[in-house]
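Take a look at the structure below.
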Amino acid sequence: MTSTQSPSLWTCPFCALLCDRFGVDTAGTLTPAGTHCPRATHALAQFENRPSAVTPLLNGQPADHRTALDAAAQWLRAARQPLFGGMATDVAGARALYRLANTTGAIIDHAHGRAMMHGLTAMQDRGSFTTTLAEIRCRADLIVCIGSMPSARHPEFFARCGIGSGASDAGPAQRDIVFVGCDVDPAIAQAHGVATHAIPLQGDLYDTLSTLNALLSRKPPQAADPALASLVEKLRAARYATLVWTPADLPGAHAALLVEALDRLLKTLNRTTRAGGLALGGDDGGATVNQTLTWLSGLPLRTGVHRGGLEHEPHRYDTARLLADRAVDSLLWIASFTADLAPPPTELPTIVLGHPRLAGACMDRPGPTVFLPVSTPGIGSPGHLFRADGGVVLPLTPVYTDTLPSVASVAIELDQRLAAQREGRV
């Protein structure tokens, strides 16, 4: 292993905000320098020993890299319907896995696919008005947080929007931030130039958004909540309103209807003013894999790359559903960023391309398992990721250099072995 000093600025790969305003202290345990983000702190602590070379496992026993790859290739070749799940990887990894999916006829889903499908389904059905972090920072004078505090899952969100501790001075001199269905975020309660308000739900979130849409359409329901009526007036008066939500926090199996209701609010507002929405999702490479697959195939996640053609099934191709229904007969699980995405329990043959600390989770699994440790983009190797707001792809600079293979290189090796097996060369 060769250790290097972290660059003064580093792009953090551990949530979809891809913060690039701070560095990494490499003196002891890796820690973020210039921020107190608990998410980055937790993830960096998983690289305490700077893992560089980790032994693969075959059914819980140490194996050399070649033996583990041969077993994985044999399982994929024997599978009639493999599933590629987890999919926590970068652009290069997604590209290589898509090629492997073409070879094997696999279905592709992400660990956060269920939450991501809410927005994708709504966009396919109704379209959407989206915004970016830069637009929020420079233009938004009203930010409405729907259903949960953004910083609960994305601690640096408000700082990235020019609000609160460590934020820049860019943007409107005075902002309103309204929290609908949750408390005011304590991190910005005393922020300079910010007025904060909390509005309780009227019924549930479905009822509340329905009421807001009725009020905004000037068809007020009887006995409308005064707080919601006041919020509608704020939305009408704002020069640039932004609605922010976290897909993983939206309640119910039909949360796509909530996203449609949010989009309807935005469409109505854009007839007379400017407004945009931002969904804070796509962590663990979810936004990146979805963008890459859509670019390569024309279809998003939850698509089967079958030999007879592509098939997009956003409900049927859910990882948990496929495993529960025994609709697949092998699982390739990718989790290259942290050890927090362990593969789901299954007796199916499972191949894990994962963070070195996932080795323990792969030793006592109920079914045949191959574990191949891989490098983490932005920690031990370079890479590229798409940010949550969609149009921005950022390069990842490693903190140190390891000798672990990348997800892309392992996927390419598997593809090559499958080709060799087909041709009878192995």
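All residue names refer to the structure tokens as shown: chains lettered A, B, ... in order, residues numbered from 1 in each chain, ligands numbered from 1 in order.
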
Report as CSV the residues of stretch 111-192 of chain A within 10 Å of stretch 8-22 of chain A, each with its shortest atom pair and distance in Å (one decimal), using only C-alpha atoms, ordered by chain and increasing residue number.
```
residue,atom,partner,partner_atom,distance
A:Leu133,CA,A:Leu17,CA,8.8
A:Arg153,CA,A:Cys15,CA,8.5
A:His154,CA,A:Cys15,CA,7.1
A:Pro155,CA,A:Cys15,CA,9.6
A:Glu156,CA,A:Cys19,CA,7.7
A:Phe157,CA,A:Leu17,CA,7.4
A:Ala159,CA,A:Cys19,CA,9.9
A:Arg160,CA,A:Cys19,CA,7.8
A:Gly166,CA,A:Arg21,CA,9.8
```

Hey, can you spit out that residue selection with N, CA, C and O atoms as a compact mmCIF listing (two decimals), in the first residue's frame?
```
# COMPACT_ATOMS: atom_id res chain seq x y z
N LEU A 133 -28.62 22.52 -7.11
CA LEU A 133 -28.08 23.12 -5.90
C LEU A 133 -27.62 24.55 -6.16
O LEU A 133 -27.80 25.44 -5.32
N ARG A 153 -30.77 13.03 6.44
CA ARG A 153 -30.02 12.08 5.62
C ARG A 153 -28.86 12.74 4.88
O ARG A 153 -27.92 12.06 4.48
N HIS A 154 -28.94 14.05 4.68
CA HIS A 154 -27.92 14.78 3.92
C HIS A 154 -27.48 15.99 4.75
O HIS A 154 -27.97 17.11 4.53
N PRO A 155 -26.59 15.77 5.72
CA PRO A 155 -26.28 16.80 6.72
C PRO A 155 -25.77 18.12 6.15
O PRO A 155 -25.95 19.17 6.77
N GLU A 156 -25.14 18.09 4.99
CA GLU A 156 -24.55 19.29 4.42
C GLU A 156 -25.50 20.04 3.48
O GLU A 156 -25.09 21.01 2.83
N PHE A 157 -26.76 19.61 3.40
CA PHE A 157 -27.65 20.18 2.38
C PHE A 157 -27.77 21.69 2.49
O PHE A 157 -27.60 22.41 1.50
N ALA A 159 -25.91 23.94 3.98
CA ALA A 159 -24.65 24.63 3.70
C ALA A 159 -24.40 24.69 2.19
O ALA A 159 -23.91 25.70 1.67
N ARG A 160 -24.76 23.61 1.48
CA ARG A 160 -24.60 23.61 0.02
C ARG A 160 -25.52 24.61 -0.65
O ARG A 160 -25.27 25.04 -1.78
N GLY A 166 -20.91 27.70 7.91
CA GLY A 166 -19.99 27.30 6.85
C GLY A 166 -20.47 27.62 5.46
O GLY A 166 -19.84 27.27 4.48
```

Each residue of stretch 66-162 of chain A with at least one atom at most 7 Å from stretch 272-282 of chain A should appear once, together with its nearest atom pair and the corresponding distance in Å (one decimal); atoms considered: only C-alpha atoms; ordering: chain, then increasing residue number; output as a Markdown table.
```
| residue | atom | partner | partner_atom | distance |
| --- | --- | --- | --- | --- |
| A:Met116 | CA | A:Gly281 | CA | 6.7 |
| A:Phe129 | CA | A:Gly276 | CA | 5.3 |
| A:Thr130 | CA | A:Gly277 | CA | 4.6 |
| A:Thr131 | CA | A:Gly276 | CA | 4.9 |
```

Counting only C-alpha atoms, what are the residues of stretch 211-295 of chain A within 9 Å of stretch 204-207 of chain A, and for each of them which pair of atoms is the nearest and at what distance in Å, to one decimal? Sort the table by chain and rising number, as a tab-separated table.
```
residue	atom	partner	partner_atom	distance
A:Thr211	CA	A:Asp207	CA	6.1
A:Leu212	CA	A:Asp207	CA	8.7
A:Leu250	CA	A:Leu205	CA	8.6
A:Pro251	CA	A:Leu205	CA	8.1
A:Ala255	CA	A:Tyr206	CA	8.8
A:Leu257	CA	A:Tyr206	CA	8.1
A:Leu258	CA	A:Tyr206	CA	6.3
A:Ala261	CA	A:Tyr206	CA	8.3
```

Handout entry: Per-residue DSSP, stretch 15-54 of chain A, filtered to alpha helix (DSSP H), as number ranges by chain
Key = A: 38-44

Would you output that residue set with N, CA and C atoms, as a compact mmCIF listing (two decimals), in the first residue's frame?
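The resulting file, again06.txt, is shown below:
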```txt
# COMPACT_ATOMS: atom_id res chain seq x y z
N PRO A 38 -21.71 13.95 9.95
CA PRO A 38 -21.66 12.63 10.57
C PRO A 38 -21.65 11.50 9.55
N ARG A 39 -22.24 11.73 8.40
CA ARG A 39 -22.28 10.68 7.40
C ARG A 39 -20.88 10.42 6.82
N ALA A 40 -20.17 11.48 6.50
CA ALA A 40 -18.80 11.32 6.01
C ALA A 40 -17.90 10.74 7.09
N THR A 41 -18.08 11.19 8.34
CA THR A 41 -17.26 10.68 9.44
C THR A 41 -17.45 9.18 9.62
N HIS A 42 -18.69 8.73 9.60
CA HIS A 42 -18.99 7.30 9.76
C HIS A 42 -18.39 6.48 8.63
N ALA A 43 -18.55 6.95 7.40
CA ALA A 43 -18.06 6.18 6.25
C ALA A 43 -16.54 6.13 6.23
N LEU A 44 -15.88 7.26 6.49
CA LEU A 44 -14.41 7.27 6.47
C LEU A 44 -13.82 6.38 7.55
```

Practice task
Taking the DSSP assignment computed from this structure's backbone, write out as a PyMOL selection string all residues of stretch 295-406 of chain A that belong to strand (DSSP E or B).
Solution key: chain A and resi 303-306+309-312+330-335+350-354+369-373+377+381+383-386+393-396+401

Could those selected residues go to a file with N, CA, C and O atoms, as a CSV table (one decimal), in the first residue's frame?
```
chain,number,residue,atom,x,y,z
A,303,THR,N,-34.7,-2.6,-15.1
A,303,THR,CA,-34.8,-3.0,-16.5
A,303,THR,C,-34.1,-4.4,-16.6
A,303,THR,O,-33.0,-4.6,-16.1
A,304,GLY,N,-34.7,-5.3,-17.3
A,304,GLY,CA,-34.1,-6.6,-17.6
A,304,GLY,C,-33.4,-6.5,-19.0
A,304,GLY,O,-34.1,-6.1,-20.0
A,305,VAL,N,-32.1,-6.8,-19.0
A,305,VAL,CA,-31.4,-6.7,-20.3
A,305,VAL,C,-31.4,-8.1,-20.9
A,305,VAL,O,-30.4,-8.9,-20.9
A,306,HIS,N,-32.6,-8.5,-21.3
A,306,HIS,CA,-32.8,-9.9,-21.8
A,306,HIS,C,-32.3,-10.1,-23.2
A,306,HIS,O,-32.1,-9.2,-23.9
A,309,GLY,N,-34.5,-8.7,-25.8
A,309,GLY,CA,-34.7,-7.2,-25.8
A,309,GLY,C,-34.8,-6.7,-24.4
A,309,GLY,O,-34.8,-7.4,-23.4
A,310,LEU,N,-34.9,-5.4,-24.2
A,310,LEU,CA,-35.0,-4.7,-22.9
A,310,LEU,C,-36.4,-4.7,-22.4
A,310,LEU,O,-37.4,-4.6,-23.2
A,311,GLU,N,-36.6,-4.9,-21.1
A,311,GLU,CA,-37.9,-4.9,-20.5
A,311,GLU,C,-37.8,-4.1,-19.2
A,311,GLU,O,-37.2,-4.5,-18.2
A,312,HIS,N,-38.5,-3.0,-19.1
A,312,HIS,CA,-38.6,-2.1,-17.9
A,312,HIS,C,-39.8,-2.4,-17.1
A,312,HIS,O,-40.9,-2.3,-17.6
A,330,SER,N,-29.9,-16.3,-9.4
A,330,SER,CA,-28.5,-16.0,-8.9
A,330,SER,C,-28.5,-14.5,-8.6
A,330,SER,O,-29.3,-13.7,-9.2
A,331,LEU,N,-27.6,-14.0,-7.7
A,331,LEU,CA,-27.6,-12.6,-7.4
A,331,LEU,C,-26.1,-12.1,-7.4
A,331,LEU,O,-25.2,-12.8,-6.8
A,332,LEU,N,-25.9,-11.1,-8.2
A,332,LEU,CA,-24.6,-10.4,-8.2
A,332,LEU,C,-24.9,-9.1,-7.4
A,332,LEU,O,-25.7,-8.2,-7.9
A,333,TRP,N,-24.3,-8.9,-6.3
A,333,TRP,CA,-24.5,-7.8,-5.4
A,333,TRP,C,-23.3,-6.9,-5.3
A,333,TRP,O,-22.2,-7.3,-5.1
A,334,ILE,N,-23.5,-5.6,-5.6
A,334,ILE,CA,-22.4,-4.7,-5.7
A,334,ILE,C,-22.5,-3.6,-4.6
A,334,ILE,O,-23.6,-2.9,-4.5
A,335,ALA,N,-21.5,-3.4,-3.8
A,335,ALA,CA,-21.6,-2.5,-2.7
A,335,ALA,C,-20.2,-2.0,-2.4
A,335,ALA,O,-19.5,-2.4,-1.5
A,350,THR,N,-24.7,-16.4,-4.7
A,350,THR,CA,-24.6,-14.9,-4.5
A,350,THR,C,-23.1,-14.6,-4.7
A,350,THR,O,-22.2,-15.2,-4.1
A,351,ILE,N,-22.9,-13.6,-5.6
A,351,ILE,CA,-21.5,-13.0,-5.8
A,351,ILE,C,-21.5,-11.6,-5.3
A,351,ILE,O,-22.4,-10.8,-5.7
A,352,VAL,N,-20.6,-11.3,-4.4
A,352,VAL,CA,-20.6,-10.0,-3.8
A,352,VAL,C,-19.3,-9.3,-4.2
A,352,VAL,O,-18.2,-9.8,-4.0
A,353,LEU,N,-19.4,-8.1,-4.9
A,353,LEU,CA,-18.3,-7.2,-5.2
A,353,LEU,C,-18.5,-6.1,-4.2
A,353,LEU,O,-19.3,-5.2,-4.3
A,354,GLY,N,-17.7,-6.2,-3.1
A,354,GLY,CA,-18.0,-5.3,-2.0
A,354,GLY,C,-16.8,-4.7,-1.3
A,354,GLY,O,-15.7,-5.0,-1.4
A,369,THR,N,-21.7,-18.6,-1.8
A,369,THR,CA,-21.3,-17.2,-1.9
A,369,THR,C,-19.9,-17.0,-2.3
A,369,THR,O,-19.0,-17.7,-1.8
A,370,VAL,N,-19.7,-16.1,-3.2
A,370,VAL,CA,-18.3,-15.6,-3.6
A,370,VAL,C,-18.2,-14.2,-3.1
A,370,VAL,O,-19.1,-13.4,-3.4
A,371,PHE,N,-17.2,-13.9,-2.4
A,371,PHE,CA,-16.9,-12.5,-2.0
A,371,PHE,C,-15.6,-12.0,-2.7
A,371,PHE,O,-14.6,-12.6,-2.5
A,372,LEU,N,-15.7,-10.9,-3.4
A,372,LEU,CA,-14.6,-10.3,-4.1
A,372,LEU,C,-14.4,-8.9,-3.6
A,372,LEU,O,-15.3,-8.0,-3.9
A,373,PRO,N,-13.4,-8.6,-2.8
A,373,PRO,CA,-13.3,-7.2,-2.3
A,373,PRO,C,-12.9,-6.3,-3.4
A,373,PRO,O,-12.1,-6.6,-4.3
A,377,PRO,N,-14.3,4.0,-5.0
A,377,PRO,CA,-14.0,5.2,-5.7
A,377,PRO,C,-14.0,6.4,-4.8
A,377,PRO,O,-14.9,6.6,-4.0
A,381,SER,N,-9.2,4.6,-5.1
A,381,SER,CA,-9.1,4.6,-6.6
A,381,SER,C,-9.9,5.8,-7.1
A,381,SER,O,-10.8,6.3,-6.4
A,383,GLY,N,-12.6,7.8,-9.8
A,383,GLY,CA,-13.9,7.4,-10.4
A,383,GLY,C,-14.7,8.7,-10.7
A,383,GLY,O,-14.2,9.8,-10.7
A,384,HIS,N,-15.9,8.5,-11.1
A,384,HIS,CA,-16.8,9.6,-11.4
A,384,HIS,C,-18.2,9.3,-10.9
A,384,HIS,O,-18.7,8.1,-11.0
A,385,LEU,N,-18.9,10.3,-10.4
A,385,LEU,CA,-20.3,10.1,-9.9
A,385,LEU,C,-21.2,11.3,-10.3
A,385,LEU,O,-20.7,12.4,-10.5
A,386,PHE,N,-22.5,11.0,-10.6
A,386,PHE,CA,-23.5,12.0,-10.8
A,386,PHE,C,-24.0,12.5,-9.5
A,386,PHE,O,-24.3,11.7,-8.6
A,393,VAL,N,-21.7,15.7,-13.2
A,393,VAL,CA,-20.8,14.6,-12.9
A,393,VAL,C,-19.5,15.1,-12.4
A,393,VAL,O,-18.9,16.0,-13.0
A,394,LEU,N,-19.0,14.5,-11.3
A,394,LEU,CA,-17.8,15.0,-10.7
A,394,LEU,C,-16.8,13.9,-10.6
A,394,LEU,O,-17.1,12.7,-10.3
A,395,PRO,N,-15.5,14.2,-10.8
A,395,PRO,CA,-14.4,13.3,-10.7
A,395,PRO,C,-14.1,13.0,-9.2
A,395,PRO,O,-14.2,13.9,-8.4
A,396,LEU,N,-13.7,11.8,-8.9
A,396,LEU,CA,-13.4,11.4,-7.5
A,396,LEU,C,-11.9,11.2,-7.5
A,396,LEU,O,-11.3,10.4,-8.3
A,401,THR,N,-3.7,5.2,-2.4
A,401,THR,CA,-3.8,4.3,-3.5
A,401,THR,C,-3.7,2.8,-2.9
A,401,THR,O,-2.8,2.5,-2.2
```

Practice task
Please identify all polymer residues within 8 Å of stretch 68-78 of chain A, counting only C-alpha atoms, omitting same-chain residues fewer than 2 positions from it, and present them as a ChimeraX atom specification.
Solution key: /A:56-58,63-66,80,82,104,330,349,351,370-372,413-415,417-418

Handout entry: Non-local contacts of A:Ala320 (12 Å; only C-alpha atoms; under 5 positions in same chain excluded) as a PyMOL selection string
Key = chain A and resi 83+85-86+109-114+315+325-328+331+343-346

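For the pair atom CA of A:Ile143 and atom CA of A:Ala173, the interatomic distance is 13.8 Å.
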
Using 9 Å as the limit and counting only C-alpha atoms, can you tabulate each residue of stretch 280-346 of chain A that touches stretch 355-364 of chain A, with its shortest atom-to-atom distance in Å and the two atoms involved, as JSON lines?
```
{"residue": "A:Ile334", "atom": "CA", "partner": "A:His355", "partner_atom": "CA", "distance": 8.9}
{"residue": "A:Ala335", "atom": "CA", "partner": "A:His355", "partner_atom": "CA", "distance": 6.2}
{"residue": "A:Ser336", "atom": "CA", "partner": "A:His355", "partner_atom": "CA", "distance": 4.9}
{"residue": "A:Phe337", "atom": "CA", "partner": "A:His355", "partner_atom": "CA", "distance": 6.3}
{"residue": "A:Thr338", "atom": "CA", "partner": "A:His355", "partner_atom": "CA", "distance": 5.8}
{"residue": "A:Ala339", "atom": "CA", "partner": "A:Leu358", "partner_atom": "CA", "distance": 5.4}
{"residue": "A:Asp340", "atom": "CA", "partner": "A:Leu358", "partner_atom": "CA", "distance": 8.3}
{"residue": "A:Leu341", "atom": "CA", "partner": "A:Leu358", "partner_atom": "CA", "distance": 8.4}
{"residue": "A:Ala342", "atom": "CA", "partner": "A:Leu358", "partner_atom": "CA", "distance": 6.6}
{"residue": "A:Pro343", "atom": "CA", "partner": "A:Ala361", "partner_atom": "CA", "distance": 8.1}
```

Exercise for the section: Name the closest residue to A:Gln124 among the candidates A:Ala33, A:Leu228, A:Ala256, A:Ala388; distances are taken between atoms, counting only C-alpha atoms. Expected result: A:Ala256

Exercise for the section: Would you list the contacts of stretch 94-97 of chain A as a PyMOL selection string, taking every protein, DNA or RNA residue within 7 Å and counting only C-alpha atoms, but skipping same-chain residues closer than 3 positions in sequence? Expected result: chain A and resi 89-91+100-101+289+292+408+411-412

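For A:Glu260, the non-local neighbours within 10 Å, defined as residues at least 2 positions apart in the same chain or in other chains and counting only C-alpha atoms, are His118, Gly119, Thr121, Ala122, Met123, Asp125, Arg126, Gly127, Ser128, Leu209, Ala255, Ala256, Leu257, Leu258, Leu262, Asp263, Arg264, Leu265 and Leu266 of chain A.
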
Handout entry: Option closest in space to A:Ser151, from A:Ser230, A:Thr31, A:Ser297, A:Thr246 [counting only C-alpha atoms]
Key =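 Answer, going by the shortest atom-to-atom distance: A:Thr246.
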
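The residue that comes closest to A:Asn49, out of A:Leu348, A:Thr26, A:Leu142, A:Gly34 and on the basis of only C-alpha atoms, is A:Thr26.
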